[in-house]
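Reproduced below: structure-v4.txt, with compact mmCIF, N, CA and C atoms.
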```txt
# COMPACT_ATOMS: atom_id res chain seq x y z
N MET A 26 -68.50 -150.37 -4.70
CA MET A 26 -69.50 -149.68 -3.90
C MET A 26 -68.79 -149.00 -2.73
N LYS A 27 -69.11 -147.75 -2.51
CA LYS A 27 -68.44 -146.95 -1.48
C LYS A 27 -68.99 -147.21 -0.08
N SER A 28 -70.29 -147.46 0.05
CA SER A 28 -70.95 -147.54 1.35
C SER A 28 -70.84 -148.93 1.95
N GLY A 29 -69.66 -149.31 2.44
CA GLY A 29 -69.43 -150.64 2.96
C GLY A 29 -70.03 -150.89 4.34
N ARG A 30 -70.37 -149.84 5.05
CA ARG A 30 -70.87 -149.97 6.42
C ARG A 30 -72.14 -150.83 6.49
N PHE A 31 -72.99 -150.75 5.49
CA PHE A 31 -74.27 -151.45 5.53
C PHE A 31 -74.34 -152.63 4.57
N THR A 32 -73.20 -153.08 4.07
CA THR A 32 -73.17 -154.15 3.09
C THR A 32 -73.92 -155.39 3.57
N LYS A 33 -73.79 -155.72 4.84
CA LYS A 33 -74.45 -156.92 5.37
C LYS A 33 -75.97 -156.77 5.38
N ASP A 34 -76.48 -155.55 5.34
CA ASP A 34 -77.92 -155.30 5.36
C ASP A 34 -78.53 -155.26 3.96
N LEU A 35 -77.68 -155.33 2.95
CA LEU A 35 -78.15 -155.23 1.57
C LEU A 35 -78.12 -156.59 0.91
N PRO A 36 -78.94 -156.85 -0.06
CA PRO A 36 -79.95 -155.96 -0.63
C PRO A 36 -81.17 -155.86 0.27
N LEU A 37 -81.86 -154.74 0.15
CA LEU A 37 -83.13 -154.56 0.86
C LEU A 37 -84.22 -155.29 0.08
N THR A 38 -85.24 -155.73 0.78
CA THR A 38 -86.39 -156.26 0.07
C THR A 38 -87.09 -155.08 -0.61
N GLU A 39 -87.87 -155.38 -1.62
CA GLU A 39 -88.59 -154.32 -2.30
C GLU A 39 -89.52 -153.58 -1.34
N ALA A 40 -90.19 -154.32 -0.47
CA ALA A 40 -91.10 -153.70 0.49
C ALA A 40 -90.35 -152.73 1.40
N VAL A 41 -89.22 -153.15 1.95
CA VAL A 41 -88.44 -152.30 2.84
C VAL A 41 -87.91 -151.08 2.08
N PHE A 42 -87.46 -151.26 0.86
CA PHE A 42 -86.99 -150.15 0.05
C PHE A 42 -88.07 -149.08 -0.07
N TYR A 43 -89.28 -149.50 -0.41
CA TYR A 43 -90.36 -148.54 -0.60
C TYR A 43 -90.85 -147.95 0.73
N ILE A 44 -90.81 -148.71 1.80
CA ILE A 44 -91.18 -148.16 3.11
C ILE A 44 -90.22 -147.05 3.50
N LEU A 45 -88.92 -147.30 3.34
CA LEU A 45 -87.93 -146.27 3.65
C LEU A 45 -88.12 -145.05 2.76
N LEU A 46 -88.41 -145.28 1.50
CA LEU A 46 -88.64 -144.16 0.58
C LEU A 46 -89.86 -143.35 1.01
N ALA A 47 -90.90 -144.02 1.46
CA ALA A 47 -92.13 -143.34 1.91
C ALA A 47 -91.91 -142.58 3.21
N LEU A 48 -90.85 -142.93 3.94
CA LEU A 48 -90.60 -142.27 5.22
C LEU A 48 -89.52 -141.19 5.12
N ARG A 49 -89.32 -140.65 3.94
CA ARG A 49 -88.43 -139.50 3.78
C ARG A 49 -89.08 -138.26 4.38
N HIS A 50 -90.38 -138.36 4.64
CA HIS A 50 -91.15 -137.34 5.35
C HIS A 50 -92.04 -138.08 6.35
N PRO A 51 -92.51 -137.43 7.41
CA PRO A 51 -93.34 -138.12 8.40
C PRO A 51 -94.55 -138.76 7.72
N ASN A 52 -94.82 -140.00 8.08
CA ASN A 52 -95.93 -140.73 7.48
C ASN A 52 -96.43 -141.79 8.46
N HIS A 53 -97.71 -142.07 8.39
CA HIS A 53 -98.30 -143.11 9.24
C HIS A 53 -98.54 -144.35 8.39
N GLY A 54 -98.90 -145.44 9.04
CA GLY A 54 -99.03 -146.73 8.36
C GLY A 54 -99.88 -146.71 7.11
N TYR A 55 -101.10 -146.22 7.22
CA TYR A 55 -101.98 -146.20 6.06
C TYR A 55 -101.42 -145.28 4.98
N GLY A 56 -100.80 -144.17 5.38
CA GLY A 56 -100.18 -143.27 4.42
C GLY A 56 -99.05 -143.95 3.67
N ILE A 57 -98.27 -144.78 4.36
CA ILE A 57 -97.18 -145.53 3.73
C ILE A 57 -97.77 -146.48 2.68
N ILE A 58 -98.81 -147.22 3.07
CA ILE A 58 -99.46 -148.16 2.14
C ILE A 58 -99.93 -147.43 0.89
N GLN A 59 -100.58 -146.30 1.07
CA GLN A 59 -101.09 -145.53 -0.06
C GLN A 59 -99.96 -145.00 -0.94
N GLU A 60 -98.93 -144.46 -0.32
CA GLU A 60 -97.83 -143.87 -1.08
C GLU A 60 -97.09 -144.93 -1.89
N VAL A 61 -96.84 -146.09 -1.28
CA VAL A 61 -96.14 -147.16 -2.00
C VAL A 61 -96.99 -147.64 -3.17
N GLU A 62 -98.27 -147.80 -2.95
CA GLU A 62 -99.15 -148.24 -4.04
C GLU A 62 -99.15 -147.21 -5.18
N GLU A 63 -99.16 -145.94 -4.82
CA GLU A 63 -99.14 -144.88 -5.83
C GLU A 63 -97.81 -144.84 -6.59
N MET A 64 -96.70 -144.94 -5.85
CA MET A 64 -95.37 -144.89 -6.49
C MET A 64 -95.18 -146.04 -7.47
N THR A 65 -95.73 -147.20 -7.14
CA THR A 65 -95.54 -148.39 -7.99
C THR A 65 -96.70 -148.59 -8.95
N GLU A 66 -97.59 -147.61 -9.02
CA GLU A 66 -98.77 -147.68 -9.88
C GLU A 66 -99.57 -148.96 -9.65
N GLY A 67 -99.70 -149.32 -8.37
CA GLY A 67 -100.51 -150.47 -7.98
C GLY A 67 -99.82 -151.82 -8.07
N ARG A 68 -98.58 -151.84 -8.52
CA ARG A 68 -97.86 -153.11 -8.65
C ARG A 68 -97.54 -153.71 -7.28
N LEU A 69 -97.22 -152.86 -6.31
CA LEU A 69 -96.89 -153.32 -4.96
C LEU A 69 -97.90 -152.74 -3.98
N VAL A 70 -98.66 -153.63 -3.37
CA VAL A 70 -99.64 -153.22 -2.36
C VAL A 70 -99.23 -153.90 -1.06
N LEU A 71 -98.83 -153.11 -0.08
CA LEU A 71 -98.38 -153.66 1.20
C LEU A 71 -99.57 -154.05 2.05
N GLY A 72 -99.54 -155.26 2.58
CA GLY A 72 -100.54 -155.67 3.55
C GLY A 72 -100.17 -155.12 4.91
N ALA A 73 -101.16 -154.98 5.77
CA ALA A 73 -100.91 -154.42 7.10
C ALA A 73 -99.89 -155.26 7.88
N GLY A 74 -99.98 -156.58 7.78
CA GLY A 74 -99.04 -157.45 8.50
C GLY A 74 -97.62 -157.26 8.03
N THR A 75 -97.45 -157.18 6.72
CA THR A 75 -96.11 -156.94 6.14
C THR A 75 -95.57 -155.60 6.61
N LEU A 76 -96.41 -154.58 6.51
CA LEU A 76 -95.97 -153.23 6.88
C LEU A 76 -95.58 -153.15 8.34
N TYR A 77 -96.46 -153.59 9.23
CA TYR A 77 -96.17 -153.41 10.65
C TYR A 77 -95.05 -154.32 11.14
N GLY A 78 -94.89 -155.48 10.52
CA GLY A 78 -93.74 -156.33 10.83
C GLY A 78 -92.44 -155.64 10.42
N ALA A 79 -92.45 -155.04 9.23
CA ALA A 79 -91.27 -154.32 8.74
C ALA A 79 -90.98 -153.10 9.61
N ILE A 80 -92.03 -152.38 10.01
CA ILE A 80 -91.84 -151.20 10.87
C ILE A 80 -91.17 -151.59 12.18
N GLN A 81 -91.60 -152.69 12.78
CA GLN A 81 -90.97 -153.15 14.04
C GLN A 81 -89.49 -153.45 13.82
N THR A 82 -89.18 -154.14 12.72
CA THR A 82 -87.79 -154.47 12.42
C THR A 82 -86.97 -153.21 12.16
N LEU A 83 -87.52 -152.29 11.39
CA LEU A 83 -86.80 -151.06 11.06
C LEU A 83 -86.57 -150.19 12.29
N GLU A 84 -87.53 -150.20 13.22
CA GLU A 84 -87.32 -149.46 14.48
C GLU A 84 -86.20 -150.10 15.30
N LYS A 85 -86.17 -151.44 15.37
CA LYS A 85 -85.13 -152.14 16.12
C LYS A 85 -83.74 -151.86 15.55
N LYS A 86 -83.68 -151.72 14.22
CA LYS A 86 -82.41 -151.43 13.56
C LYS A 86 -82.05 -149.94 13.62
N HIS A 87 -82.97 -149.13 14.14
CA HIS A 87 -82.80 -147.68 14.25
C HIS A 87 -82.74 -147.00 12.88
N TRP A 88 -83.42 -147.58 11.91
CA TRP A 88 -83.49 -146.98 10.58
C TRP A 88 -84.67 -146.02 10.47
N ILE A 89 -85.67 -146.21 11.33
CA ILE A 89 -86.81 -145.30 11.41
C ILE A 89 -87.10 -145.05 12.88
N SER A 90 -87.82 -143.98 13.15
CA SER A 90 -88.23 -143.71 14.53
C SER A 90 -89.63 -143.10 14.51
N VAL A 91 -90.27 -143.13 15.67
CA VAL A 91 -91.58 -142.51 15.79
C VAL A 91 -91.38 -141.00 15.76
N TYR A 92 -92.09 -140.36 14.87
CA TYR A 92 -92.02 -138.91 14.73
C TYR A 92 -93.05 -138.25 15.64
N SER A 93 -94.26 -138.80 15.63
CA SER A 93 -95.31 -138.31 16.53
C SER A 93 -96.31 -139.43 16.75
N ALA A 94 -96.96 -139.39 17.89
CA ALA A 94 -97.98 -140.38 18.22
C ALA A 94 -99.24 -139.65 18.63
N GLU A 95 -100.34 -140.00 18.01
CA GLU A 95 -101.63 -139.38 18.31
C GLU A 95 -102.24 -140.08 19.52
N GLU A 96 -102.68 -139.30 20.47
CA GLU A 96 -103.33 -139.86 21.65
C GLU A 96 -104.73 -140.33 21.27
N GLY A 97 -105.20 -141.35 21.93
CA GLY A 97 -106.55 -141.83 21.67
C GLY A 97 -106.56 -143.33 21.52
N SER A 98 -107.69 -143.84 21.11
CA SER A 98 -107.88 -145.28 21.07
C SER A 98 -107.00 -145.95 20.00
N ARG A 99 -106.83 -145.32 18.85
CA ARG A 99 -106.06 -145.96 17.77
C ARG A 99 -104.57 -145.65 17.88
N LYS A 100 -104.22 -144.57 18.56
CA LYS A 100 -102.82 -144.20 18.75
C LYS A 100 -102.04 -144.21 17.43
N LYS A 101 -102.53 -143.45 16.45
CA LYS A 101 -101.87 -143.38 15.16
C LYS A 101 -100.48 -142.78 15.34
N LYS A 102 -99.49 -143.48 14.80
CA LYS A 102 -98.10 -143.03 14.89
C LYS A 102 -97.61 -142.63 13.51
N GLU A 103 -96.81 -141.57 13.50
CA GLU A 103 -96.10 -141.21 12.28
C GLU A 103 -94.65 -141.59 12.48
N TYR A 104 -94.05 -142.11 11.43
CA TYR A 104 -92.66 -142.55 11.46
C TYR A 104 -91.84 -141.68 10.52
N LEU A 105 -90.53 -141.67 10.75
CA LEU A 105 -89.63 -140.89 9.92
C LEU A 105 -88.29 -141.62 9.82
N LEU A 106 -87.67 -141.51 8.67
CA LEU A 106 -86.36 -142.07 8.43
C LEU A 106 -85.34 -141.42 9.36
N THR A 107 -84.47 -142.20 9.96
CA THR A 107 -83.39 -141.66 10.80
C THR A 107 -82.17 -141.41 9.91
N PRO A 108 -81.17 -140.71 10.42
CA PRO A 108 -79.94 -140.54 9.62
C PRO A 108 -79.33 -141.89 9.21
N GLU A 109 -79.36 -142.87 10.11
CA GLU A 109 -78.83 -144.20 9.78
C GLU A 109 -79.68 -144.86 8.69
N GLY A 110 -80.99 -144.72 8.77
CA GLY A 110 -81.88 -145.26 7.75
C GLY A 110 -81.62 -144.61 6.39
N ARG A 111 -81.35 -143.33 6.42
CA ARG A 111 -81.03 -142.61 5.17
C ARG A 111 -79.75 -143.16 4.56
N GLU A 112 -78.75 -143.43 5.39
CA GLU A 112 -77.49 -144.00 4.90
C GLU A 112 -77.71 -145.36 4.25
N VAL A 113 -78.54 -146.19 4.90
CA VAL A 113 -78.84 -147.52 4.34
C VAL A 113 -79.55 -147.36 3.00
N PHE A 114 -80.54 -146.47 2.96
CA PHE A 114 -81.28 -146.25 1.73
C PHE A 114 -80.35 -145.78 0.61
N LEU A 115 -79.45 -144.85 0.91
CA LEU A 115 -78.53 -144.35 -0.10
C LEU A 115 -77.54 -145.43 -0.54
N ALA A 116 -77.12 -146.30 0.39
CA ALA A 116 -76.24 -147.41 0.02
C ALA A 116 -76.97 -148.36 -0.93
N GLU A 117 -78.23 -148.59 -0.67
CA GLU A 117 -79.01 -149.47 -1.55
C GLU A 117 -79.21 -148.84 -2.92
N THR A 118 -79.48 -147.54 -2.99
CA THR A 118 -79.65 -146.91 -4.30
C THR A 118 -78.32 -146.94 -5.07
N GLU A 119 -77.22 -146.80 -4.36
CA GLU A 119 -75.90 -146.90 -5.01
C GLU A 119 -75.69 -148.30 -5.58
N ARG A 120 -76.08 -149.32 -4.81
CA ARG A 120 -75.97 -150.71 -5.26
C ARG A 120 -76.83 -150.93 -6.50
N LEU A 121 -78.05 -150.42 -6.47
CA LEU A 121 -78.97 -150.59 -7.60
C LEU A 121 -78.46 -149.85 -8.84
N GLN A 122 -77.89 -148.67 -8.65
CA GLN A 122 -77.34 -147.92 -9.78
C GLN A 122 -76.18 -148.69 -10.42
N GLU A 123 -75.37 -149.34 -9.59
CA GLU A 123 -74.28 -150.16 -10.12
C GLU A 123 -74.84 -151.30 -10.96
N LEU A 124 -75.87 -151.96 -10.45
CA LEU A 124 -76.51 -153.05 -11.20
C LEU A 124 -77.02 -152.56 -12.55
N LEU A 125 -77.75 -151.46 -12.54
CA LEU A 125 -78.32 -150.93 -13.77
C LEU A 125 -77.23 -150.46 -14.73
N GLY A 126 -76.19 -149.87 -14.19
CA GLY A 126 -75.08 -149.43 -15.04
C GLY A 126 -74.41 -150.60 -15.72
N ASN A 127 -74.17 -151.68 -14.98
CA ASN A 127 -73.55 -152.86 -15.56
C ASN A 127 -74.46 -153.50 -16.60
N ALA A 128 -75.75 -153.57 -16.30
CA ALA A 128 -76.70 -154.13 -17.25
C ALA A 128 -76.76 -153.28 -18.51
N GLY A 129 -76.74 -151.97 -18.34
CA GLY A 129 -76.79 -151.08 -19.49
C GLY A 129 -75.58 -151.23 -20.40
N ARG A 130 -74.41 -151.46 -19.79
CA ARG A 130 -73.19 -151.61 -20.58
C ARG A 130 -73.21 -152.86 -21.44
N ILE A 131 -73.83 -153.93 -20.94
CA ILE A 131 -73.83 -155.17 -21.73
C ILE A 131 -75.14 -155.38 -22.48
N ASN A 132 -76.12 -154.51 -22.26
CA ASN A 132 -77.42 -154.66 -22.90
C ASN A 132 -77.29 -154.73 -24.42
N SER A 133 -76.46 -153.88 -25.00
CA SER A 133 -76.32 -153.89 -26.45
C SER A 133 -75.72 -155.21 -26.93
N ASP A 134 -74.83 -155.80 -26.14
CA ASP A 134 -74.27 -157.11 -26.49
C ASP A 134 -75.37 -158.17 -26.49
N LEU A 135 -76.25 -158.12 -25.51
CA LEU A 135 -77.33 -159.10 -25.44
C LEU A 135 -78.30 -158.93 -26.60
N ILE A 136 -78.61 -157.70 -26.95
CA ILE A 136 -79.51 -157.43 -28.07
C ILE A 136 -78.84 -157.91 -29.36
N GLY A 137 -77.56 -157.62 -29.52
CA GLY A 137 -76.83 -158.06 -30.70
C GLY A 137 -76.81 -159.57 -30.84
N THR A 138 -76.69 -160.29 -29.72
CA THR A 138 -76.68 -161.76 -29.72
C THR A 138 -78.03 -162.28 -30.18
N GLU A 139 -79.12 -161.68 -29.71
CA GLU A 139 -80.47 -162.11 -30.11
C GLU A 139 -80.68 -161.91 -31.60
N GLU A 140 -80.19 -160.80 -32.15
CA GLU A 140 -80.35 -160.53 -33.57
C GLU A 140 -79.56 -161.51 -34.42
N GLU A 141 -78.37 -161.88 -33.94
CA GLU A 141 -77.55 -162.85 -34.68
C GLU A 141 -78.20 -164.23 -34.70
N GLU A 142 -78.84 -164.61 -33.57
CA GLU A 142 -79.48 -165.92 -33.47
C GLU A 142 -80.77 -165.97 -34.28
N GLY A 143 -81.47 -164.84 -34.40
CA GLY A 143 -82.78 -164.78 -35.05
C GLY A 143 -82.68 -164.67 -36.50
```

Rewritten as structure tokens:
Amino acid sequence: MKSGRFTKDLPLTEAVFYILLALRHPNHGYGIIQEVEEMTEGRLVLGAGTLYGAIQTLEKKHWISVYSAEEGSRKKKEYLLTPEGREVFLAETERLQELLGNAGRINSDLIGTEEEEG
């Protein structure tokens, strides 16, 4: 893996992976929840507590930042991936591609083993 700078931060949780992916463009909390649910075809539905806890952590790590904040009682904020957050996300996708590549290389061996046993 080339991206050693963020090795200690990997692997990302599935929720964090999808939150970062949803923040490739400015997005607010409810928009993130909707986008993640759509991307995963309903398999992953983020709860508000999970989302806002993750957002606080990601802001502290400087992986996301507030893009805009709406004035008013609800103070809806839009968040956006930072350059550092993008690097982390790309390091994680590189890690996942390595996993899938290795699995793909031995997949035929595993299938062959099952056929021999059956």

So that I can see what lies close to Ile80 in chain A, please list as a PDB file with N, CA and C atoms, in the frame of the given file the residues with an atom at most 9 Å from it, counting only C-alpha atoms and leaving out residues fewer than 5 positions away in the same chain.
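Now in around.pdb:
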```
ATOM      1  N   VAL A  41     -89.220-153.150   1.950  1.00  0.00           N
ATOM      2  CA  VAL A  41     -88.440-152.300   2.840  1.00  0.00           C
ATOM      3  C   VAL A  41     -87.910-151.080   2.080  1.00  0.00           C
ATOM      4  N   ILE A  44     -90.810-148.710   1.800  1.00  0.00           N
ATOM      5  CA  ILE A  44     -91.180-148.160   3.110  1.00  0.00           C
ATOM      6  C   ILE A  44     -90.220-147.050   3.500  1.00  0.00           C
ATOM      7  N   GLY A  54     -98.900-145.440   9.040  1.00  0.00           N
ATOM      8  CA  GLY A  54     -99.030-146.730   8.360  1.00  0.00           C
ATOM      9  C   GLY A  54     -99.880-146.710   7.110  1.00  0.00           C
ATOM     10  N   THR A  75     -97.450-157.180   6.720  1.00  0.00           N
ATOM     11  CA  THR A  75     -96.110-156.940   6.140  1.00  0.00           C
ATOM     12  C   THR A  75     -95.570-155.600   6.610  1.00  0.00           C
ATOM     13  N   LYS A  85     -86.170-151.440  15.370  1.00  0.00           N
ATOM     14  CA  LYS A  85     -85.130-152.140  16.120  1.00  0.00           C
ATOM     15  C   LYS A  85     -83.740-151.860  15.550  1.00  0.00           C
ATOM     16  N   ILE A  89     -85.670-146.210  11.330  1.00  0.00           N
ATOM     17  CA  ILE A  89     -86.810-145.300  11.410  1.00  0.00           C
ATOM     18  C   ILE A  89     -87.100-145.050  12.880  1.00  0.00           C
ATOM     19  N   TYR A 104     -94.050-142.110  11.430  1.00  0.00           N
ATOM     20  CA  TYR A 104     -92.660-142.550  11.460  1.00  0.00           C
ATOM     21  C   TYR A 104     -91.840-141.680  10.520  1.00  0.00           C
TER      22      TYR A 104
END
```

Strand (DSSP E) call set, DSSP backbone run, range 29-141 of chain A, as a PDB file with N, CA and C atoms, keeping the file's coordinate frame:
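That gives us part_28.pdb:
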```
ATOM      1  N   ASN A  52     -94.820-140.000   8.080  1.00  0.00           N
ATOM      2  CA  ASN A  52     -95.930-140.730   7.480  1.00  0.00           C
ATOM      3  C   ASN A  52     -96.430-141.790   8.460  1.00  0.00           C
ATOM      4  N   HIS A  53     -97.710-142.070   8.390  1.00  0.00           N
ATOM      5  CA  HIS A  53     -98.300-143.110   9.240  1.00  0.00           C
ATOM      6  C   HIS A  53     -98.540-144.350   8.390  1.00  0.00           C
ATOM      7  N   ILE A  89     -85.670-146.210  11.330  1.00  0.00           N
ATOM      8  CA  ILE A  89     -86.810-145.300  11.410  1.00  0.00           C
ATOM      9  C   ILE A  89     -87.100-145.050  12.880  1.00  0.00           C
ATOM     10  N   SER A  90     -87.820-143.980  13.150  1.00  0.00           N
ATOM     11  CA  SER A  90     -88.230-143.710  14.530  1.00  0.00           C
ATOM     12  C   SER A  90     -89.630-143.100  14.510  1.00  0.00           C
ATOM     13  N   VAL A  91     -90.270-143.130  15.670  1.00  0.00           N
ATOM     14  CA  VAL A  91     -91.580-142.510  15.790  1.00  0.00           C
ATOM     15  C   VAL A  91     -91.380-141.000  15.760  1.00  0.00           C
ATOM     16  N   TYR A  92     -92.090-140.360  14.870  1.00  0.00           N
ATOM     17  CA  TYR A  92     -92.020-138.910  14.730  1.00  0.00           C
ATOM     18  C   TYR A  92     -93.050-138.250  15.640  1.00  0.00           C
ATOM     19  N   SER A  93     -94.260-138.800  15.630  1.00  0.00           N
ATOM     20  CA  SER A  93     -95.310-138.310  16.530  1.00  0.00           C
ATOM     21  C   SER A  93     -96.310-139.430  16.750  1.00  0.00           C
ATOM     22  N   ALA A  94     -96.960-139.390  17.890  1.00  0.00           N
ATOM     23  CA  ALA A  94     -97.980-140.380  18.220  1.00  0.00           C
ATOM     24  C   ALA A  94     -99.240-139.650  18.630  1.00  0.00           C
ATOM     25  N   LYS A 102     -99.490-143.480  14.800  1.00  0.00           N
ATOM     26  CA  LYS A 102     -98.100-143.030  14.890  1.00  0.00           C
ATOM     27  C   LYS A 102     -97.610-142.630  13.510  1.00  0.00           C
ATOM     28  N   GLU A 103     -96.810-141.570  13.500  1.00  0.00           N
ATOM     29  CA  GLU A 103     -96.100-141.210  12.280  1.00  0.00           C
ATOM     30  C   GLU A 103     -94.650-141.590  12.480  1.00  0.00           C
ATOM     31  N   TYR A 104     -94.050-142.110  11.430  1.00  0.00           N
ATOM     32  CA  TYR A 104     -92.660-142.550  11.460  1.00  0.00           C
ATOM     33  C   TYR A 104     -91.840-141.680  10.520  1.00  0.00           C
ATOM     34  N   LEU A 105     -90.530-141.670  10.750  1.00  0.00           N
ATOM     35  CA  LEU A 105     -89.630-140.890   9.920  1.00  0.00           C
ATOM     36  C   LEU A 105     -88.290-141.620   9.820  1.00  0.00           C
ATOM     37  N   LEU A 106     -87.670-141.510   8.670  1.00  0.00           N
ATOM     38  CA  LEU A 106     -86.360-142.070   8.430  1.00  0.00           C
ATOM     39  C   LEU A 106     -85.340-141.420   9.360  1.00  0.00           C
TER      40      LEU A 106
END
```

Range 48-51 of chain A environment, 7 Å, all atoms listed in the file, sequence neighbours closer than 4 positions dropped, as a PDB file with N, CA and C atoms, keeping the file's coordinate frame:
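File out_31.pdb, as written:
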```
ATOM      1  N   TYR A  43     -89.280-149.500  -0.410  1.00  0.00           N
ATOM      2  CA  TYR A  43     -90.360-148.540  -0.600  1.00  0.00           C
ATOM      3  C   TYR A  43     -90.850-147.950   0.730  1.00  0.00           C
ATOM      4  N   ILE A  44     -90.810-148.710   1.800  1.00  0.00           N
ATOM      5  CA  ILE A  44     -91.180-148.160   3.110  1.00  0.00           C
ATOM      6  C   ILE A  44     -90.220-147.050   3.500  1.00  0.00           C
ATOM      7  N   ILE A  57     -98.270-144.780   4.360  1.00  0.00           N
ATOM      8  CA  ILE A  57     -97.180-145.530   3.730  1.00  0.00           C
ATOM      9  C   ILE A  57     -97.770-146.480   2.680  1.00  0.00           C
ATOM     10  N   TYR A  92     -92.090-140.360  14.870  1.00  0.00           N
ATOM     11  CA  TYR A  92     -92.020-138.910  14.730  1.00  0.00           C
ATOM     12  C   TYR A  92     -93.050-138.250  15.640  1.00  0.00           C
ATOM     13  N   GLU A 103     -96.810-141.570  13.500  1.00  0.00           N
ATOM     14  CA  GLU A 103     -96.100-141.210  12.280  1.00  0.00           C
ATOM     15  C   GLU A 103     -94.650-141.590  12.480  1.00  0.00           C
ATOM     16  N   TYR A 104     -94.050-142.110  11.430  1.00  0.00           N
ATOM     17  CA  TYR A 104     -92.660-142.550  11.460  1.00  0.00           C
ATOM     18  C   TYR A 104     -91.840-141.680  10.520  1.00  0.00           C
ATOM     19  N   LEU A 105     -90.530-141.670  10.750  1.00  0.00           N
ATOM     20  CA  LEU A 105     -89.630-140.890   9.920  1.00  0.00           C
ATOM     21  C   LEU A 105     -88.290-141.620   9.820  1.00  0.00           C
ATOM     22  N   LEU A 106     -87.670-141.510   8.670  1.00  0.00           N
ATOM     23  CA  LEU A 106     -86.360-142.070   8.430  1.00  0.00           C
ATOM     24  C   LEU A 106     -85.340-141.420   9.360  1.00  0.00           C
TER      25      LEU A 106
END
```

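With atom C of Ala116 in chain A on one side and atom C of Glu39 in chain A on the other, the separation reads 13.6 Å.
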
Write out as an mmCIF file with N, CA and C atoms, in the frame of the given file each polymer residue whose atoms come within 12 Å of Glu112 in chain A, counting only C-alpha atoms; drop sequence neighbours fewer than 5 positions from it.
```cif
data_model
loop_
_atom_site.group_PDB
_atom_site.id
_atom_site.type_symbol
_atom_site.label_atom_id
_atom_site.label_comp_id
_atom_site.auth_asym_id
_atom_site.auth_seq_id
_atom_site.Cartn_x
_atom_site.Cartn_y
_atom_site.Cartn_z
ATOM 1 N N LYS A 27 -69.110 -147.750 -2.510
ATOM 2 C CA LYS A 27 -68.440 -146.950 -1.480
ATOM 3 C C LYS A 27 -68.990 -147.210 -0.080
ATOM 4 N N SER A 28 -70.290 -147.460 0.050
ATOM 5 C CA SER A 28 -70.950 -147.540 1.350
ATOM 6 C C SER A 28 -70.840 -148.930 1.950
ATOM 7 N N GLY A 29 -69.660 -149.310 2.440
ATOM 8 C CA GLY A 29 -69.430 -150.640 2.960
ATOM 9 C C GLY A 29 -70.030 -150.890 4.340
ATOM 10 N N ARG A 30 -70.370 -149.840 5.050
ATOM 11 C CA ARG A 30 -70.870 -149.970 6.420
ATOM 12 C C ARG A 30 -72.140 -150.830 6.490
ATOM 13 N N PHE A 31 -72.990 -150.750 5.490
ATOM 14 C CA PHE A 31 -74.270 -151.450 5.530
ATOM 15 C C PHE A 31 -74.340 -152.630 4.570
ATOM 16 N N THR A 32 -73.200 -153.080 4.070
ATOM 17 C CA THR A 32 -73.170 -154.150 3.090
ATOM 18 C C THR A 32 -73.920 -155.390 3.570
ATOM 19 N N ASP A 34 -76.480 -155.550 5.340
ATOM 20 C CA ASP A 34 -77.920 -155.300 5.360
ATOM 21 C C ASP A 34 -78.530 -155.260 3.960
ATOM 22 N N LEU A 35 -77.680 -155.330 2.950
ATOM 23 C CA LEU A 35 -78.150 -155.230 1.570
ATOM 24 C C LEU A 35 -78.120 -156.590 0.910
ATOM 25 N N LEU A 45 -88.920 -147.300 3.340
ATOM 26 C CA LEU A 45 -87.930 -146.270 3.650
ATOM 27 C C LEU A 45 -88.120 -145.050 2.760
ATOM 28 N N LEU A 46 -88.410 -145.280 1.500
ATOM 29 C CA LEU A 46 -88.640 -144.160 0.580
ATOM 30 C C LEU A 46 -89.860 -143.350 1.010
ATOM 31 N N ARG A 49 -89.320 -140.650 3.940
ATOM 32 C CA ARG A 49 -88.430 -139.500 3.780
ATOM 33 C C ARG A 49 -89.080 -138.260 4.380
ATOM 34 N N HIS A 87 -82.970 -149.130 14.140
ATOM 35 C CA HIS A 87 -82.800 -147.680 14.250
ATOM 36 C C HIS A 87 -82.740 -147.000 12.880
ATOM 37 N N TRP A 88 -83.420 -147.580 11.910
ATOM 38 C CA TRP A 88 -83.490 -146.980 10.580
ATOM 39 C C TRP A 88 -84.670 -146.020 10.470
ATOM 40 N N ILE A 89 -85.670 -146.210 11.330
ATOM 41 C CA ILE A 89 -86.810 -145.300 11.410
ATOM 42 C C ILE A 89 -87.100 -145.050 12.880
ATOM 43 N N LEU A 106 -87.670 -141.510 8.670
ATOM 44 C CA LEU A 106 -86.360 -142.070 8.430
ATOM 45 C C LEU A 106 -85.340 -141.420 9.360
ATOM 46 N N THR A 107 -84.470 -142.200 9.960
ATOM 47 C CA THR A 107 -83.390 -141.660 10.800
ATOM 48 C C THR A 107 -82.170 -141.410 9.910
ATOM 49 N N GLU A 117 -78.230 -148.590 -0.670
ATOM 50 C CA GLU A 117 -79.010 -149.470 -1.550
ATOM 51 C C GLU A 117 -79.210 -148.840 -2.920
ATOM 52 N N THR A 118 -79.480 -147.540 -2.990
ATOM 53 C CA THR A 118 -79.650 -146.910 -4.300
ATOM 54 C C THR A 118 -78.320 -146.940 -5.070
ATOM 55 N N GLU A 119 -77.220 -146.800 -4.360
ATOM 56 C CA GLU A 119 -75.900 -146.900 -5.010
ATOM 57 C C GLU A 119 -75.690 -148.300 -5.580
#
```

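Using only N, CA and C atoms for every distance, the candidate list A:Gln59, A:Glu84, A:Leu121, A:Ser90 yields A:Ser90 as the residue closest to Pro108 in chain A.
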
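Closest approach to Leu76 in chain A among A:Val113, A:Glu63, A:Glu123, A:Tyr55: A:Tyr55, based on only C-alpha atoms.
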
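Taking CA of Leu69 in chain A and CA of Ala40 in chain A as endpoints, the distance between them is 8.0 Å.
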
- Task: Report the residues of chain A whose backbone DSSP state falls under alpha helix (DSSP H), written as a VMD selection string.
- Result: chain A and resid 39 to 47 54 to 64 73 to 85 108 to 142

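One distance worth recording is that between CA of Phe114 in chain A and CA of Ala94 in chain A, which is 24.2 Å.
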